[in-house]
>>> print(open('protein32.csv').read())   # CSV, C-alpha atoms and all ligand atoms
chain,number,residue,atom,x,y,z
A,1,MET,CA,-14.7,14.9,11.5
A,2,LEU,CA,-11.6,12.7,11.3
A,3,ARG,CA,-10.3,14.9,8.6
A,4,SER,CA,-10.6,18.1,10.6
A,5,PHE,CA,-9.0,16.3,13.5
A,6,PHE,CA,-5.9,15.5,11.4
A,7,ILE,CA,-5.8,19.0,9.9
A,8,THR,CA,-5.8,20.5,13.4
A,9,ILE,CA,-3.0,18.1,14.4
A,10,PHE,CA,-1.2,19.1,11.2
A,11,PHE,CA,-1.3,22.9,12.0
A,12,TRP,CA,-0.3,22.4,15.6
A,13,SER,CA,2.6,20.2,14.4
A,14,LEU,CA,3.6,22.8,11.9
A,15,LEU,CA,3.9,25.4,14.6
A,16,LEU,CA,6.1,23.0,16.6
A,17,ALA,CA,8.1,21.7,13.6
A,18,ASN,CA,11.7,22.8,14.2
A,19,SER,CA,13.4,21.4,11.2
A,20,GLN,CA,12.9,21.4,7.5
A,21,THR,CA,12.6,17.6,7.5
A,22,GLN,CA,9.7,17.7,9.8
A,23,ALA,CA,8.0,20.4,7.8
A,24,LYS,CA,8.5,18.3,4.7
A,25,GLU,CA,7.1,15.2,6.4
A,26,LEU,CA,4.0,17.2,7.4
A,27,GLU,CA,3.6,18.6,4.0
A,28,ASN,CA,3.6,15.0,2.6
A,29,TYR,CA,1.0,14.1,5.2
A,30,LEU,CA,-1.3,16.9,4.0
A,31,GLN,CA,-0.8,15.5,0.5
A,32,THR,CA,-2.4,12.3,1.7
A,33,LEU,CA,-5.3,14.2,3.2
A,34,THR,CA,-6.1,15.9,-0.1
A,35,CYS,CA,-6.8,12.4,-1.5
A,36,LYS,CA,-10.1,12.7,0.2
A,37,ALA,CA,-11.2,15.0,-2.6
A,38,GLY,CA,-11.4,12.1,-5.0
A,39,GLU,CA,-14.5,10.0,-5.5
A,40,ASN,CA,-13.4,6.7,-7.0
A,41,PHE,CA,-11.3,3.9,-5.5
A,42,ALA,CA,-11.0,0.3,-6.3
A,43,LEU,CA,-9.1,-2.8,-5.1
A,44,HIS,CA,-8.6,-5.9,-7.3
A,45,ILE,CA,-6.8,-8.9,-5.8
A,46,HIS,CA,-5.8,-12.3,-7.3
A,47,GLY,CA,-4.6,-15.5,-5.8
A,48,GLY,CA,-3.3,-17.0,-9.1
A,49,VAL,CA,-4.7,-18.9,-12.1
A,50,THR,CA,-5.6,-22.6,-11.5
A,51,TYR,CA,-5.2,-25.5,-13.9
A,52,ARG,CA,-7.5,-27.9,-12.2
A,53,ASN,CA,-10.5,-27.6,-9.9
A,54,ARG,CA,-9.8,-27.8,-6.2
A,55,PRO,CA,-13.0,-26.4,-4.7
A,56,LYS,CA,-12.0,-26.7,-1.0
A,57,ARG,CA,-8.7,-24.9,-1.4
A,58,ASP,CA,-10.3,-22.3,-3.7
A,59,GLU,CA,-12.9,-21.5,-1.0
A,60,ILE,CA,-10.2,-21.0,1.6
A,61,ARG,CA,-8.3,-18.6,-0.7
A,62,LYS,CA,-11.5,-16.7,-1.6
A,63,ALA,CA,-12.4,-16.3,2.0
A,64,PHE,CA,-8.9,-14.9,2.7
A,65,ILE,CA,-9.2,-12.5,-0.2
A,66,ARG,CA,-12.7,-11.4,0.9
A,67,ASP,CA,-11.3,-10.4,4.3
A,68,LEU,CA,-8.6,-8.4,2.6
A,69,LEU,CA,-11.2,-6.7,0.4
A,70,ILE,CA,-13.2,-5.6,3.4
A,71,ARG,CA,-10.1,-4.2,5.1
A,72,GLY,CA,-8.8,-2.6,1.9
A,73,LYS,CA,-12.1,-0.9,1.3
A,74,ILE,CA,-12.1,0.8,4.7
A,75,ALA,CA,-8.5,1.9,4.2
A,76,LEU,CA,-9.1,3.3,0.7
A,77,GLU,CA,-12.3,5.1,1.8
A,78,GLN,CA,-10.2,6.8,4.5
A,79,GLY,CA,-7.7,8.1,2.0
A,80,VAL,CA,-4.9,5.5,2.5
A,81,SER,CA,-2.7,5.3,-0.6
A,82,ALA,CA,-3.0,2.5,-3.2
A,83,LEU,CA,0.6,1.6,-2.6
A,84,ASP,CA,0.0,1.1,1.1
A,85,VAL,CA,-3.1,-0.9,0.5
A,86,ILE,CA,-1.5,-3.3,-2.0
A,87,SER,CA,1.6,-3.7,0.2
A,88,PHE,CA,-0.6,-4.6,3.2
A,89,THR,CA,-2.7,-7.0,1.1
A,90,LEU,CA,0.2,-8.8,-0.5
A,91,THR,CA,2.2,-9.0,2.8
A,92,SER,CA,-0.8,-10.7,4.5
A,93,MET,CA,-1.2,-13.1,1.6
A,94,GLU,CA,2.6,-13.9,1.6
A,95,ASN,CA,2.3,-14.6,5.4
A,96,SER,CA,-0.8,-16.7,5.1
A,97,GLY,CA,0.9,-19.8,3.6
A,98,GLU,CA,-2.3,-20.3,1.5
A,99,PHE,CA,-0.7,-19.0,-1.7
A,100,ASN,CA,2.4,-19.7,-3.7
A,101,ALA,CA,4.2,-16.6,-2.4
A,102,GLY,CA,6.3,-15.7,0.7
A,103,SER,CA,6.0,-18.4,3.3
A,104,GLY,CA,3.7,-20.5,1.1
A,105,SER,CA,6.2,-20.5,-1.8
A,106,ILE,CA,6.7,-23.8,-3.6
A,107,PRO,CA,10.3,-25.1,-3.6
A,108,ASN,CA,12.2,-25.4,-6.9
A,109,GLN,CA,13.6,-28.7,-8.3
A,110,ALA,CA,16.5,-28.6,-5.8
A,111,GLY,CA,14.1,-28.3,-2.9
A,112,TYR,CA,14.5,-24.7,-1.8
A,113,ARG,CA,12.4,-21.6,-2.3
A,114,GLU,CA,13.3,-18.8,-4.7
A,115,MET,CA,10.9,-16.0,-4.6
A,116,ASP,CA,10.1,-13.1,-7.0
A,117,ALA,CA,8.1,-9.9,-6.5
A,118,SER,CA,7.5,-6.5,-8.0
A,119,ILE,CA,5.6,-3.3,-7.3
A,120,MET,CA,4.9,-0.2,-9.4
A,121,ALA,CA,3.4,3.2,-8.7
A,122,GLY,CA,1.5,4.4,-11.7
A,123,HIS,CA,1.5,8.2,-11.0
A,124,ASN,CA,5.3,8.5,-11.2
A,125,LEU,CA,6.3,5.2,-12.9
A,126,LYS,CA,8.5,4.2,-10.1
A,127,ALA,CA,9.1,0.5,-9.7
A,128,GLY,CA,11.0,-2.0,-7.5
A,129,ALA,CA,11.5,-5.8,-7.8
A,130,VAL,CA,13.4,-8.8,-6.4
A,131,ALA,CA,14.0,-12.1,-8.0
A,132,SER,CA,15.3,-15.5,-6.7
A,133,VAL,CA,15.5,-14.3,-3.1
A,134,GLN,CA,15.5,-17.0,-0.5
A,135,TYR,CA,15.7,-15.3,2.9
A,136,VAL,CA,13.5,-12.2,2.7
A,137,LYS,CA,10.3,-12.9,4.6
A,138,ASN,CA,8.2,-10.6,2.5
A,139,PRO,CA,9.4,-10.2,-1.1
A,140,ILE,CA,6.8,-7.5,-1.8
A,141,GLN,CA,8.2,-5.3,1.0
A,142,ALA,CA,11.7,-5.9,-0.4
A,143,ALA,CA,10.4,-4.8,-3.8
A,144,ARG,CA,8.9,-1.7,-2.3
A,145,TYR,CA,12.2,-1.0,-0.5
A,146,VAL,CA,14.0,-1.2,-3.8
A,147,MET,CA,11.5,1.2,-5.3
A,148,GLU,CA,11.6,3.7,-2.5
A,149,GLU,CA,15.0,3.5,-1.0
A,150,THR,CA,17.4,2.8,-3.9
A,151,LYS,CA,17.9,4.3,-7.4
A,152,ASN,CA,17.5,0.8,-9.0
A,153,VAL,CA,14.6,-1.3,-10.0
A,154,LEU,CA,15.6,-5.0,-9.8
A,155,PHE,CA,17.9,-6.9,-7.3
A,156,VAL,CA,18.5,-10.6,-7.7
A,157,GLY,CA,19.8,-13.7,-6.0
A,158,ALA,CA,22.2,-14.2,-3.1
A,159,SER,CA,23.5,-10.6,-3.4
A,160,ALA,CA,20.0,-9.3,-3.2
A,161,ASP,CA,19.3,-11.4,-0.1
A,162,GLU,CA,22.5,-10.1,1.6
A,163,PHE,CA,21.8,-6.5,0.8
A,164,LEU,CA,18.1,-6.6,1.6
A,165,LYS,CA,18.5,-8.7,4.7
A,166,ASN,CA,20.5,-5.9,6.4
A,167,LYS,CA,18.4,-3.1,5.0
A,168,LEU,CA,15.1,-4.6,5.8
A,169,ALA,CA,16.2,-5.6,9.2
A,170,ASN,CA,17.2,-1.9,9.9
A,171,ALA,CA,13.9,-0.8,8.3
A,172,ASP,CA,12.0,-3.0,10.7
A,173,PHE,CA,10.9,-5.4,8.1
A,174,PRO,CA,11.2,-9.0,9.3
A,175,THR,CA,13.5,-11.5,7.6
A,176,LEU,CA,13.8,-15.2,8.2
A,177,PRO,CA,16.9,-17.1,9.4
A,178,PRO,CA,18.8,-19.3,6.8
A,179,SER,CA,16.9,-22.4,7.9
A,180,TYR,CA,13.9,-20.8,6.1
A,181,ALA,CA,15.5,-22.1,2.9
A,182,SER,CA,14.0,-25.5,3.5
A,183,THR,CA,15.5,-28.6,1.7
A,184,GLU,CA,12.4,-30.6,2.7
A,185,ASP,CA,10.2,-31.5,-0.3
A,186,LEU,CA,7.1,-29.4,0.3
A,187,SER,CA,5.5,-29.9,-3.1
A,188,VAL,CA,2.9,-32.3,-1.8
A,189,LYS,CA,1.7,-29.9,0.9
A,190,SER,CA,1.9,-26.9,-1.4
A,191,PRO,CA,-0.5,-25.8,-4.1
A,192,PRO,CA,0.6,-26.2,-7.7
A,193,HIS,CA,-0.2,-22.5,-8.3
A,194,GLY,CA,-1.3,-19.5,-6.5
A,195,THR,CA,0.8,-16.5,-7.4
A,196,ILE,CA,-0.6,-13.4,-5.8
A,197,GLY,CA,-1.3,-9.9,-7.1
A,198,ALA,CA,-3.1,-6.7,-6.2
A,199,VAL,CA,-4.0,-3.5,-8.1
A,200,ALA,CA,-5.6,-0.5,-6.5
A,201,LEU,CA,-6.8,3.0,-7.3
A,202,ASP,CA,-6.8,5.5,-4.4
A,203,LEU,CA,-8.8,8.7,-3.7
A,204,CYS,CA,-5.8,10.7,-5.0
A,205,GLY,CA,-6.3,9.0,-8.4
A,206,HIS,CA,-3.1,7.1,-8.0
A,207,ILE,CA,-2.9,3.5,-9.3
A,208,ALA,CA,-0.4,0.9,-7.9
A,209,ALA,CA,0.1,-2.7,-8.8
A,210,GLY,CA,2.1,-5.6,-7.3
A,211,THR,CA,2.8,-9.3,-7.8
A,212,SER,CA,4.6,-11.9,-5.7
A,213,THR,CA,5.3,-15.6,-6.3
A,214,GLY,CA,7.4,-18.6,-5.6
A,215,GLY,CA,7.3,-19.4,-9.3
A,216,PHE,CA,6.7,-22.8,-10.9
A,217,GLY,CA,7.1,-25.7,-8.4
A,218,SER,CA,9.3,-27.7,-10.7
A,219,LYS,CA,11.4,-24.8,-11.9
A,220,ILE,CA,15.2,-25.1,-12.4
A,221,PRO,CA,17.1,-23.2,-9.7
A,222,GLY,CA,17.7,-19.7,-11.0
A,223,ARG,CA,14.7,-19.6,-13.3
A,224,VAL,CA,12.8,-16.3,-13.1
A,225,GLY,CA,9.3,-15.8,-14.4
A,226,ASP,CA,7.3,-12.7,-15.2
A,227,SER,CA,6.2,-11.7,-11.7
A,228,PRO,CA,9.3,-9.5,-11.0
A,229,ILE,CA,9.5,-8.2,-14.5
A,230,ILE,CA,8.0,-4.8,-14.9
A,231,GLY,CA,5.9,-4.8,-18.1
A,232,ALA,CA,5.5,-8.5,-18.1
A,233,GLY,CA,3.8,-9.6,-14.8
A,234,THR,CA,3.2,-6.1,-13.3
A,235,TYR,CA,2.7,-2.7,-14.7
A,236,ALA,CA,1.0,0.6,-13.7
A,237,ASN,CA,0.7,4.1,-15.2
A,238,GLU,CA,-1.7,7.0,-14.7
A,239,GLU,CA,-4.5,5.1,-16.6
A,240,VAL,CA,-4.3,1.5,-15.6
A,241,GLY,CA,-2.7,-1.1,-13.3
A,242,ILE,CA,-2.1,-4.7,-14.1
A,243,SER,CA,-1.0,-7.9,-12.3
A,244,ALA,CA,-0.7,-11.3,-14.0
A,245,SER,CA,-0.5,-15.0,-13.2
A,246,GLY,CA,0.4,-17.8,-15.6
A,247,HIS,CA,3.1,-19.2,-17.8
A,248,GLY,CA,5.7,-16.6,-17.1
A,249,GLU,CA,7.9,-17.2,-20.1
A,250,TYR,CA,5.0,-16.1,-22.4
A,251,PHE,CA,4.2,-13.1,-20.3
A,252,ILE,CA,7.8,-11.9,-20.6
A,253,ARG,CA,8.1,-12.6,-24.3
A,254,TYR,CA,4.8,-10.9,-25.1
A,255,ALA,CA,5.3,-8.1,-22.5
A,256,ILE,CA,1.7,-8.8,-21.5
A,257,ALA,CA,1.2,-6.2,-18.8
A,258,TYR,CA,2.7,-3.4,-20.8
A,259,ASP,CA,1.0,-4.5,-24.0
A,260,LEU,CA,-2.4,-4.2,-22.2
A,261,SER,CA,-1.6,-0.7,-21.0
A,262,ALA,CA,-0.5,0.3,-24.5
A,263,ARG,CA,-3.8,-0.8,-26.0
A,264,ILE,CA,-5.4,1.8,-23.7
A,265,ARG,CA,-2.9,4.5,-24.1
A,266,TYR,CA,-2.2,4.5,-27.8
A,267,ARG,CA,-5.4,3.1,-29.2
A,268,GLY,CA,-7.9,4.4,-26.7
A,269,ASP,CA,-9.3,0.9,-26.0
A,270,GLU,CA,-11.8,0.6,-23.2
A,271,LEU,CA,-10.5,-1.3,-20.1
A,272,ASN,CA,-12.5,-4.5,-20.5
A,273,GLN,CA,-11.8,-4.7,-24.3
A,274,ALA,CA,-8.1,-4.3,-23.7
A,275,THR,CA,-8.0,-6.9,-21.0
A,276,GLN,CA,-10.0,-9.5,-23.0
A,277,ASP,CA,-8.0,-8.8,-26.2
A,278,THR,CA,-4.6,-9.2,-24.4
A,279,ILE,CA,-5.6,-12.7,-23.2
A,280,ARG,CA,-7.1,-13.6,-26.5
A,281,ASP,CA,-3.7,-12.8,-28.1
A,282,LEU,CA,-1.9,-14.7,-25.4
A,283,THR,CA,-4.1,-17.8,-26.2
A,284,ASN,CA,-3.3,-17.5,-29.9
A,285,ALA,CA,0.4,-17.4,-29.0
A,286,GLY,CA,0.0,-20.6,-27.0
A,287,GLY,CA,0.4,-19.1,-23.6
A,288,THR,CA,-1.7,-19.7,-20.5
A,289,GLY,CA,-2.7,-17.4,-17.7
A,290,GLY,CA,-4.7,-14.4,-16.7
A,291,VAL,CA,-4.6,-10.7,-15.7
A,292,ILE,CA,-6.5,-8.4,-13.3
A,293,THR,CA,-6.8,-4.7,-14.0
A,294,VAL,CA,-8.0,-1.4,-12.5
A,295,ASN,CA,-8.3,1.9,-14.3
A,296,LYS,CA,-8.4,5.5,-13.3
A,297,ASP,CA,-12.2,5.6,-13.2
A,298,GLY,CA,-12.3,2.8,-10.6
A,299,SER,CA,-13.4,0.2,-13.1
A,300,ILE,CA,-12.0,-3.4,-12.9
A,301,ALA,CA,-11.7,-6.1,-15.4
A,302,SER,CA,-10.1,-9.6,-15.6
A,303,ALA,CA,-9.5,-12.3,-18.2
A,304,PHE,CA,-7.8,-15.7,-18.2
A,305,ASN,CA,-7.7,-18.9,-20.4
A,306,THR,CA,-7.0,-21.5,-17.6
A,307,SER,CA,-9.6,-23.5,-15.8
A,308,GLY,CA,-9.9,-20.9,-13.0
A,309,PHE,CA,-8.5,-17.6,-11.6
A,310,ILE,CA,-9.0,-16.8,-8.0
A,311,ARG,CA,-9.8,-13.2,-7.5
A,312,GLY,CA,-11.9,-10.5,-5.8
A,313,TYR,CA,-12.7,-6.9,-6.1
A,314,VAL,CA,-14.3,-4.0,-4.3
A,315,GLY,CA,-14.6,-0.3,-4.9
A,316,SER,CA,-16.7,2.8,-5.2
A,317,LYS,CA,-18.4,1.2,-8.3
A,318,TYR,CA,-18.5,-2.2,-6.6
A,319,PRO,CA,-19.7,-1.6,-3.0
A,320,GLU,CA,-20.1,-5.3,-2.2
A,321,PRO,CA,-16.8,-7.2,-1.9
A,322,THR,CA,-17.0,-10.0,-4.5
A,323,THR,CA,-14.8,-13.1,-4.9
A,324,ILE,CA,-14.8,-15.5,-7.8
A,325,SER,CA,-12.7,-18.3,-9.2
A,326,GLY,CA,-14.5,-19.0,-12.5
A,327,MET,CA,-15.6,-16.8,-15.4
A,328,ASN,CA,-18.0,-14.6,-13.5
A,401,LIG,N1,3.7,-16.4,-13.4
A,401,LIG,C1,4.4,-17.2,-12.4
A,401,LIG,C2,5.8,-17.6,-13.0
A,401,LIG,O1,5.9,-17.9,-14.2
A,401,LIG,C3,3.7,-18.4,-12.0
A,401,LIG,C4,2.2,-18.3,-11.8
A,401,LIG,O2,1.6,-17.2,-11.9
A,401,LIG,O3,1.5,-19.3,-11.6
A,401,LIG,O4,6.7,-17.7,-12.2
>>> encode(input="protein32.csv", output="structure tokens", more="lines below")
Ligand code: ASP
Amino acid sequence: MLRSFFITIFFWSLLLANSQTQAKELENYLQTLTCKAGENFALHIHGGVTYRNRPKRDEIRKAFIRDLLIRGKIALEQGVSALDVISFTLTSMENSGEFNAGSGSIPNQAGYREMDASIMAGHNLKAGAVASVQYVKNPIQAARYVMEETKNVLFVGASADEFLKNKLANADFPTLPPSYASTEDLSVKSPPHGTIGAVALDLCGHIAAGTSTGGFGSKIPGRVGDSPIIGAGTYANEEVGISASGHGEYFIRYAIAYDLSARIRYRGDELNQATQDTIRDLTNAGGTGGVITVNKDGSIASAFNTSGFIRGYVGSKYPEPTTISGMN
């Protein structure tokens, strides 16, 4: 019903389209509609690994994630792209103040926030990232801007802020005034962890993954973890999407997200096996953290070696939105 409505609109618009650009836009739109042919979709979200039990806080975060799963499911069922769904999901989490990302970011040792984020589209291996930005309100949107509107992958620091502030303002993405870079010590109010990530498969069969964080609370100014590093904290290809949380230095050194994808691609490992084995190897290396994954069949898996990992999933294979913070 909705589909035929859009197709009718499409053909009318095509008749009225008076420029090549408009025709191209409409063609792209029809592309989106063809996603409806697919059967499987999935959305997997995390709110970071935890190192000690904080049941009250965990419940708030899980409730927030559950709401996003319900909305994400509706969007994916209607043919919305995985990229749009994870952008929406991570933007909402950045704005909530409940996680260590966006407005909830923990300040560094010097008392101001430095935020990192990355996003990747598995079907074309395009990626975008920002690191150590202070003024962009939504680092995940900045990462997406880098991916879609520039020929580059990673922008960092004050120059990135300057470049993106103008670009995102023009693109209608909100930025915050300089006072946002608070010098007030927020570490007592803020959670010790709570990096966020999302991975989705849409009805087109496209996988997208994204991660956003304020990094470690006690980090030295200028330190960058794995979250904005493609292949470390985030990765997606045609088979699998991955988002991580944990001790970033280990995730960079062991190229955790890419390593997991390689187990599937080159050794034919099954999703859950690859996910568990990657974290087993991280443990053996002395690293702590976890990953969430989604594959092209719409299956999900997760593994971690910390005391908890806040996460949730929904999809064609998991009709009931489910949130968890422990092993199962
Ligand atoms: N991986 C993040 C970092 O190292 C922190 C985290 O996930 O808790 O910056």
>>> residues_near_ligand(input="protein32.csv", ligand="ligand LIG 401 (chain A)", cutoff="8 Å", atoms="all atoms listed in the file", output="list in words")
Gly48, Val49, Thr50, Asn100, Asp116, Pro192, His193, Gly194, Thr195, Ile196, Thr213, Gly214, Gly215, Phe216, Val224, Gly225, Asp226, Ser227, Gly233, Ala244, Ser245, Gly246, His247, Gly248, Glu249, Phe251 and Gly289 of chain A
>>> residues_around(input="protein32.csv", residues="Phe309 (chain A)", least_positions_apart="2", cutoff="10 Å", atoms="only C-alpha atoms", output="list in words")
His46, Gly47, Gly48, Val49, Thr50, Tyr51, Asp58, Gly194, Ser245, Gly246, Gly289, Gly290, Val291, Ile292, Ser302, Ala303, Phe304, Asn305, Thr306, Ser307, Arg311, Gly312, Ile324, Ser325, Gly326 and Met327 of chain A
>>> closest_residue(input="protein32.csv", among="A:Ile242, A:Leu83, A:Ile310, A:Ile60", to="Thr278 (chain A)", atoms="only C-alpha atoms")
A:Ile242
>>> residues_near_point(input="protein32.csv", point="(-6.1, 8.0, -1.0)", cutoff="6 Å", atoms="only C-alpha atoms", output="compact mmCIF listing (two decimals) with C-alpha atoms, keeping the file's coordinate frame")
# COMPACT_ATOMS: atom_id res chain seq x y z
CA CYS A 35 -6.80 12.40 -1.50
CA LEU A 76 -9.10 3.30 0.70
CA GLY A 79 -7.70 8.10 2.00
CA VAL A 80 -4.90 5.50 2.50
CA SER A 81 -2.70 5.30 -0.60
CA ASP A 202 -6.80 5.50 -4.40
CA LEU A 203 -8.80 8.70 -3.70
CA CYS A 204 -5.80 10.70 -5.00
>>> closest_residue(input="protein32.csv", among="A:Ala158, A:Ile86, A:Gly122, A:Pro107", to="Gln141 (chain A)", atoms="all atoms listed in the file")
A:Ile86
>>> closest_residue(input="protein32.csv", among="A:Ala101, A:Ile45, A:Ala236, A:Ala301", to="Ala121 (chain A)", atoms="only C-alpha atoms")
A:Ala236
>>> residues_around(input="protein32.csv", residues="Glu270 (chain A)", least_positions_apart="5", cutoff="12 Å", atoms="only C-alpha atoms", output="list in words")
Glu239, Val240, Leu260, Ser261, Ala262, Arg263, Ile264, Arg265, Thr275, Gln276, Asp277, Thr293, Val294, Asn295, Lys296, Asp297, Ser299, Ile300 and Ala301 of chain A
>>> closest_residue(input="protein32.csv", among="A:Leu201, A:Ile106, A:Ala142, A:Ile279", to="Leu43 (chain A)", atoms="all atoms listed in the file")
A:Leu201
>>> closest_residue(input="protein32.csv", among="A:Gly102, A:Gly197, A:Gly241, A:Gly222", to="Pro139 (chain A)", atoms="all atoms listed in the file")
A:Gly102
>>> closest_residue(input="protein32.csv", among="A:Pro228, A:Ala42, A:Asn166, A:Pro55", to="Gly308 (chain A)", atoms="only C-alpha atoms")
A:Pro55
>>> atom_distance(input="protein32.csv", atom1="CA of Ala127 (chain A)", atom2="CA of Asp67 (chain A)")
27.0 Å
>>> residues_near_point(input="protein32.csv", point="(13.6, -14.2, -7.0)", cutoff="6 Å", atoms="all atoms listed in the file", output="PyMOL selection string")
chain A and resi 114-116+130-133
>>> residues_around(input="protein32.csv", residues="Tyr250 (chain A)", least_positions_apart="4", cutoff="9 Å", atoms="all atoms listed in the file", output="list of chain:residue names")
A:Asp226, A:Ala232, A:Gly246, A:Tyr254, A:Ala255, A:Ile256, A:Leu282, A:Ala285, A:Gly286, A:Gly287, A:Thr288
